[in-house]
Amino acid sequence: MKIQEITLYVNGIQYEFSIGNKFGQIPPGETLSQTLRNRLGLTGSKEACGEGACGCCTVIMEGDAITSCMTLTVDCDGKHILTIEGLADPETGELSPLQQAFIDRYAFQCGFCTPGIIMTSKALLDKNPHSTEEEIKEALSGNFCRCISQYHVVQAVSDVAGKAGA
Ligand code: FES
Ligand code: FES
């Protein structure tokens, strides 16, 4: 039987996996969230509901914000994926403008939802750098914050909207 191999490009690094149920292989039912967190150690994006309802597990795949808990890794062959760990400058550690804006605006409390919110915001601003407040609210409608930080989140994303780079 042919072993199915897949390649993921995560934060610019290439990873090869084989699909199957043997030790070390990725089972066909494994989600991207599980692969990122448990195999690659990228625990920035969180898994809460596990059913696509909260947005905490959001990452960017091929330019689109996706819920990684609802995405099977086997379906990601050849895809380029960006996680919250990939936003800061890898050499200097300088935070991305969005990350810095969240700090400047105190746009989080416990921070559990924040990586997902930032990745959704980045996907929006990459496509529409001049997003309006209404467009920001609409894009973030699937990201839930139990600490009720939404007001500051919209301020932070609005700060970056219109400036160069997210
Ligand atoms: S954990 Fe993926 S949407 Fe809630
Ligand atoms: S800051 Fe706590 S869940 Fe959003």
# chains A, B, ... in the order shown; residues from 1 in each chain; ligands from 1
>>> residues_near_ligand(ligand="ligand 2", cutoff="8 Å", atoms="only C-alpha atoms and all ligand atoms", output="PyMOL selection string")
chain A and resi 107-114+144-149
>>> residues_around(residues="region 115-123 of chain A", least_positions_apart="5", cutoff="6 Å", atoms="only C-alpha atoms", output="PyMOL selection string")
chain A and resi 45+55-59+64-65+84+166
>>> residues_near_ligand(ligand="ligand 1", cutoff="9 Å", atoms="only C-alpha atoms and all ligand atoms", output="count of residues only")
24
>>> residues_around(residues="region 3-19 of chain A", least_positions_apart="5", cutoff="6 Å", atoms="only C-alpha atoms", output="list of chain:residue names")
A:Gln25, A:Ile26, A:Pro27, A:Asp77, A:Gly78, A:Lys79, A:His80, A:Ile81, A:Leu82, A:Gly86
>>> write_last_selection(atoms="N, CA and C atoms", output="mmCIF file, in the first residue's frame")
data_model
loop_
_atom_site.group_PDB
_atom_site.id
_atom_site.type_symbol
_atom_site.label_atom_id
_atom_site.label_comp_id
_atom_site.auth_asym_id
_atom_site.auth_seq_id
_atom_site.Cartn_x
_atom_site.Cartn_y
_atom_site.Cartn_z
ATOM 1 N N GLN A 25 2.933 8.617 12.733
ATOM 2 C CA GLN A 25 2.178 9.064 11.564
ATOM 3 C C GLN A 25 0.979 9.918 12.003
ATOM 4 N N ILE A 26 0.492 10.690 11.055
ATOM 5 C CA ILE A 26 -0.696 11.500 11.328
ATOM 6 C C ILE A 26 -1.939 10.701 10.938
ATOM 7 N N PRO A 27 -2.791 10.380 11.906
ATOM 8 C CA PRO A 27 -4.026 9.661 11.573
ATOM 9 C C PRO A 27 -4.898 10.517 10.650
ATOM 10 N N ASP A 77 -2.233 19.376 2.448
ATOM 11 C CA ASP A 77 -1.005 19.088 1.698
ATOM 12 C C ASP A 77 -0.635 20.260 0.789
ATOM 13 N N GLY A 78 0.616 20.699 0.919
ATOM 14 C CA GLY A 78 1.119 21.762 0.055
ATOM 15 C C GLY A 78 0.708 23.161 0.466
ATOM 16 N N LYS A 79 -0.013 23.275 1.567
ATOM 17 C CA LYS A 79 -0.537 24.584 1.962
ATOM 18 C C LYS A 79 0.478 25.377 2.797
ATOM 19 N N HIS A 80 0.384 26.692 2.665
ATOM 20 C CA HIS A 80 1.183 27.601 3.475
ATOM 21 C C HIS A 80 0.321 28.101 4.626
ATOM 22 N N ILE A 81 0.821 27.889 5.832
ATOM 23 C CA ILE A 81 0.049 28.187 7.037
ATOM 24 C C ILE A 81 0.844 29.180 7.892
ATOM 25 N N LEU A 82 0.130 30.147 8.397
ATOM 26 C CA LEU A 82 0.763 31.143 9.277
ATOM 27 C C LEU A 82 0.068 31.084 10.628
ATOM 28 N N GLY A 86 4.370 33.052 13.920
ATOM 29 C CA GLY A 86 5.070 33.495 12.720
ATOM 30 C C GLY A 86 4.955 34.989 12.460
#
>>> select_by_dssp(residues="chain A", states="strand (DSSP E)", output="count of residues only")
25
>>> closest_residue(among="A:Ser96, A:Asp126, A:Gly20, A:Arg39", to="Glu62 (chain A)", atoms="only C-alpha atoms")
A:Asp126
>>> atom_distance(atom1="CA of Ile103 (chain A)", atom2="CA of Thr35 (chain A)")
28.4 Å
>>> residues_around(residues="His130 (chain A)", least_positions_apart="5", cutoff="10 Å", atoms="only C-alpha atoms", output="list in words")
Leu124, Leu125, Glu135, Ile136, Ser158, Val160, Ala161, Gly162, Lys163 and Ala164 of chain A
>>> residues_around(residues="Glu134 (chain A)", least_positions_apart="4", cutoff="12 Å", atoms="only C-alpha atoms", output="ChimeraX atom specification")
/A:130,138-141,154-155,157-158
>>> atom_distance(atom1="CA of Glu91 (chain A)", atom2="CA of Asp104 (chain A)")
22.3 Å
>>> select_by_dssp(residues="chain A", states="alpha helix (DSSP H)", output="NGL selection string")
:A and (32-34 or 97-104 or 114-127 or 133-139 or 150-160)
>>> write_last_selection(atoms="C-alpha atoms", output="compact mmCIF listing (two decimals), in the first residue's frame")
# COMPACT_ATOMS: atom_id res chain seq x y z
CA LEU A 32 -4.63 20.89 11.94
CA SER A 33 -5.00 22.29 15.45
CA GLN A 34 -3.73 19.03 16.93
CA PRO A 97 2.10 46.06 14.06
CA LEU A 98 -1.06 44.21 15.07
CA GLN A 99 0.57 42.54 18.04
CA GLN A 100 1.98 45.89 19.17
CA ALA A 101 -1.39 47.58 18.73
CA PHE A 102 -3.05 44.99 20.95
CA ILE A 103 -0.51 45.75 23.67
CA ASP A 104 -0.82 49.51 23.21
CA THR A 114 -6.11 36.80 21.44
CA PRO A 115 -4.04 34.70 19.01
CA GLY A 116 -7.17 33.74 17.10
CA ILE A 117 -8.41 37.32 17.04
CA ILE A 118 -5.07 38.64 15.82
CA MET A 119 -4.88 36.04 13.04
CA THR A 120 -8.42 36.81 11.89
CA SER A 121 -7.57 40.51 11.94
CA LYS A 122 -4.37 39.96 9.99
CA ALA A 123 -6.17 38.00 7.28
CA LEU A 124 -8.67 40.84 7.01
CA LEU A 125 -6.09 43.64 6.86
CA ASP A 126 -3.90 41.73 4.39
CA LYS A 127 -6.87 41.70 2.00
CA GLU A 133 -14.85 49.59 11.92
CA GLU A 134 -17.92 47.81 10.59
CA GLU A 135 -15.80 45.52 8.40
CA ILE A 136 -13.55 44.75 11.37
CA LYS A 137 -16.55 43.89 13.55
CA GLU A 138 -18.00 41.72 10.80
CA ALA A 139 -14.72 39.84 10.26
CA GLN A 150 -14.09 43.50 22.09
CA TYR A 151 -14.17 47.30 22.40
CA HIS A 152 -10.40 47.52 22.80
CA VAL A 153 -9.86 44.89 20.09
CA VAL A 154 -11.73 46.96 17.52
CA GLN A 155 -9.70 50.02 18.56
CA ALA A 156 -6.42 48.10 18.15
CA VAL A 157 -7.31 46.72 14.72
CA SER A 158 -8.60 50.12 13.61
CA ASP A 159 -5.29 51.67 14.63
CA VAL A 160 -3.48 49.38 12.21
>>> decode(residues="region 64-89 of chain A", atoms="N, CA and C atoms", output="PDB file, in the first residue's frame")
ATOM      1  N   ASP A  64      -6.278  32.942   3.965  1.00  0.00           N
ATOM      2  CA  ASP A  64      -7.602  32.987   4.589  1.00  0.00           C
ATOM      3  C   ASP A  64      -7.527  32.557   6.053  1.00  0.00           C
ATOM      4  N   ALA A  65      -8.303  33.229   6.894  1.00  0.00           N
ATOM      5  CA  ALA A  65      -8.417  32.812   8.289  1.00  0.00           C
ATOM      6  C   ALA A  65      -9.274  31.554   8.342  1.00  0.00           C
ATOM      7  N   ILE A  66      -8.766  30.520   8.992  1.00  0.00           N
ATOM      8  CA  ILE A  66      -9.522  29.270   9.102  1.00  0.00           C
ATOM      9  C   ILE A  66      -9.507  28.795  10.544  1.00  0.00           C
ATOM     10  N   THR A  67     -10.521  28.033  10.903  1.00  0.00           N
ATOM     11  CA  THR A  67     -10.531  27.418  12.227  1.00  0.00           C
ATOM     12  C   THR A  67      -9.786  26.080  12.109  1.00  0.00           C
ATOM     13  N   SER A  68      -8.641  26.014  12.770  1.00  0.00           N
ATOM     14  CA  SER A  68      -7.805  24.823  12.606  1.00  0.00           C
ATOM     15  C   SER A  68      -8.401  23.595  13.277  1.00  0.00           C
ATOM     16  N   CYS A  69      -9.365  23.788  14.192  1.00  0.00           N
ATOM     17  CA  CYS A  69     -10.013  22.628  14.817  1.00  0.00           C
ATOM     18  C   CYS A  69     -10.983  21.947  13.856  1.00  0.00           C
ATOM     19  N   MET A  70     -11.360  22.662  12.800  1.00  0.00           N
ATOM     20  CA  MET A  70     -12.322  22.106  11.831  1.00  0.00           C
ATOM     21  C   MET A  70     -11.644  21.707  10.520  1.00  0.00           C
ATOM     22  N   THR A  71     -10.323  21.693  10.515  1.00  0.00           N
ATOM     23  CA  THR A  71      -9.569  21.410   9.301  1.00  0.00           C
ATOM     24  C   THR A  71      -8.740  20.153   9.521  1.00  0.00           C
ATOM     25  N   LEU A  72      -8.881  19.181   8.654  1.00  0.00           N
ATOM     26  CA  LEU A  72      -8.075  17.967   8.778  1.00  0.00           C
ATOM     27  C   LEU A  72      -6.696  18.212   8.170  1.00  0.00           C
ATOM     28  N   THR A  73      -5.678  17.786   8.894  1.00  0.00           N
ATOM     29  CA  THR A  73      -4.311  17.991   8.407  1.00  0.00           C
ATOM     30  C   THR A  73      -4.097  17.318   7.063  1.00  0.00           C
ATOM     31  N   VAL A  74      -4.702  16.184   6.864  1.00  0.00           N
ATOM     32  CA  VAL A  74      -4.519  15.457   5.605  1.00  0.00           C
ATOM     33  C   VAL A  74      -4.994  16.285   4.408  1.00  0.00           C
ATOM     34  N   ASP A  75      -5.870  17.237   4.663  1.00  0.00           N
ATOM     35  CA  ASP A  75      -6.380  18.088   3.573  1.00  0.00           C
ATOM     36  C   ASP A  75      -5.516  19.327   3.338  1.00  0.00           C
ATOM     37  N   CYS A  76      -4.418  19.436   4.066  1.00  0.00           N
ATOM     38  CA  CYS A  76      -3.588  20.658   3.988  1.00  0.00           C
ATOM     39  C   CYS A  76      -2.307  20.440   3.184  1.00  0.00           C
ATOM     40  N   ASP A  77      -2.233  19.376   2.448  1.00  0.00           N
ATOM     41  CA  ASP A  77      -1.005  19.088   1.698  1.00  0.00           C
ATOM     42  C   ASP A  77      -0.635  20.260   0.789  1.00  0.00           C
ATOM     43  N   GLY A  78       0.616  20.699   0.919  1.00  0.00           N
ATOM     44  CA  GLY A  78       1.119  21.762   0.055  1.00  0.00           C
ATOM     45  C   GLY A  78       0.708  23.161   0.466  1.00  0.00           C
ATOM     46  N   LYS A  79      -0.013  23.275   1.567  1.00  0.00           N
ATOM     47  CA  LYS A  79      -0.537  24.584   1.962  1.00  0.00           C
ATOM     48  C   LYS A  79       0.478  25.377   2.797  1.00  0.00           C
ATOM     49  N   HIS A  80       0.384  26.692   2.665  1.00  0.00           N
ATOM     50  CA  HIS A  80       1.183  27.601   3.475  1.00  0.00           C
ATOM     51  C   HIS A  80       0.321  28.101   4.626  1.00  0.00           C
ATOM     52  N   ILE A  81       0.821  27.889   5.832  1.00  0.00           N
ATOM     53  CA  ILE A  81       0.049  28.187   7.037  1.00  0.00           C
ATOM     54  C   ILE A  81       0.844  29.180   7.892  1.00  0.00           C
ATOM     55  N   LEU A  82       0.130  30.147   8.397  1.00  0.00           N
ATOM     56  CA  LEU A  82       0.763  31.143   9.277  1.00  0.00           C
ATOM     57  C   LEU A  82       0.068  31.084  10.628  1.00  0.00           C
ATOM     58  N   THR A  83       0.861  30.967  11.691  1.00  0.00           N
ATOM     59  CA  THR A  83       0.303  30.977  13.040  1.00  0.00           C
ATOM     60  C   THR A  83       0.789  32.227  13.770  1.00  0.00           C
ATOM     61  N   ILE A  84       0.263  32.439  14.941  1.00  0.00           N
ATOM     62  CA  ILE A  84       0.657  33.630  15.718  1.00  0.00           C
ATOM     63  C   ILE A  84       2.165  33.647  15.952  1.00  0.00           C
ATOM     64  N   GLU A  85       2.788  32.472  16.022  1.00  0.00           N
ATOM     65  CA  GLU A  85       4.238  32.426  16.267  1.00  0.00           C
ATOM     66  C   GLU A  85       5.027  32.968  15.086  1.00  0.00           C
ATOM     67  N   GLY A  86       4.370  33.052  13.920  1.00  0.00           N
ATOM     68  CA  GLY A  86       5.070  33.495  12.720  1.00  0.00           C
ATOM     69  C   GLY A  86       4.955  34.989  12.460  1.00  0.00           C
ATOM     70  N   LEU A  87       4.353  35.743  13.366  1.00  0.00           N
ATOM     71  CA  LEU A  87       4.133  37.173  13.097  1.00  0.00           C
ATOM     72  C   LEU A  87       5.318  38.058  13.460  1.00  0.00           C
ATOM     73  N   ALA A  88       5.951  37.786  14.563  1.00  0.00           N
ATOM     74  CA  ALA A  88       7.077  38.633  14.973  1.00  0.00           C
ATOM     75  C   ALA A  88       8.263  38.400  14.046  1.00  0.00           C
ATOM     76  N   ASP A  89       9.129  39.402  13.951  1.00  0.00           N
ATOM     77  CA  ASP A  89      10.334  39.262  13.127  1.00  0.00           C
ATOM     78  C   ASP A  89      11.204  38.135  13.703  1.00  0.00           C
TER      79      ASP A  89
END
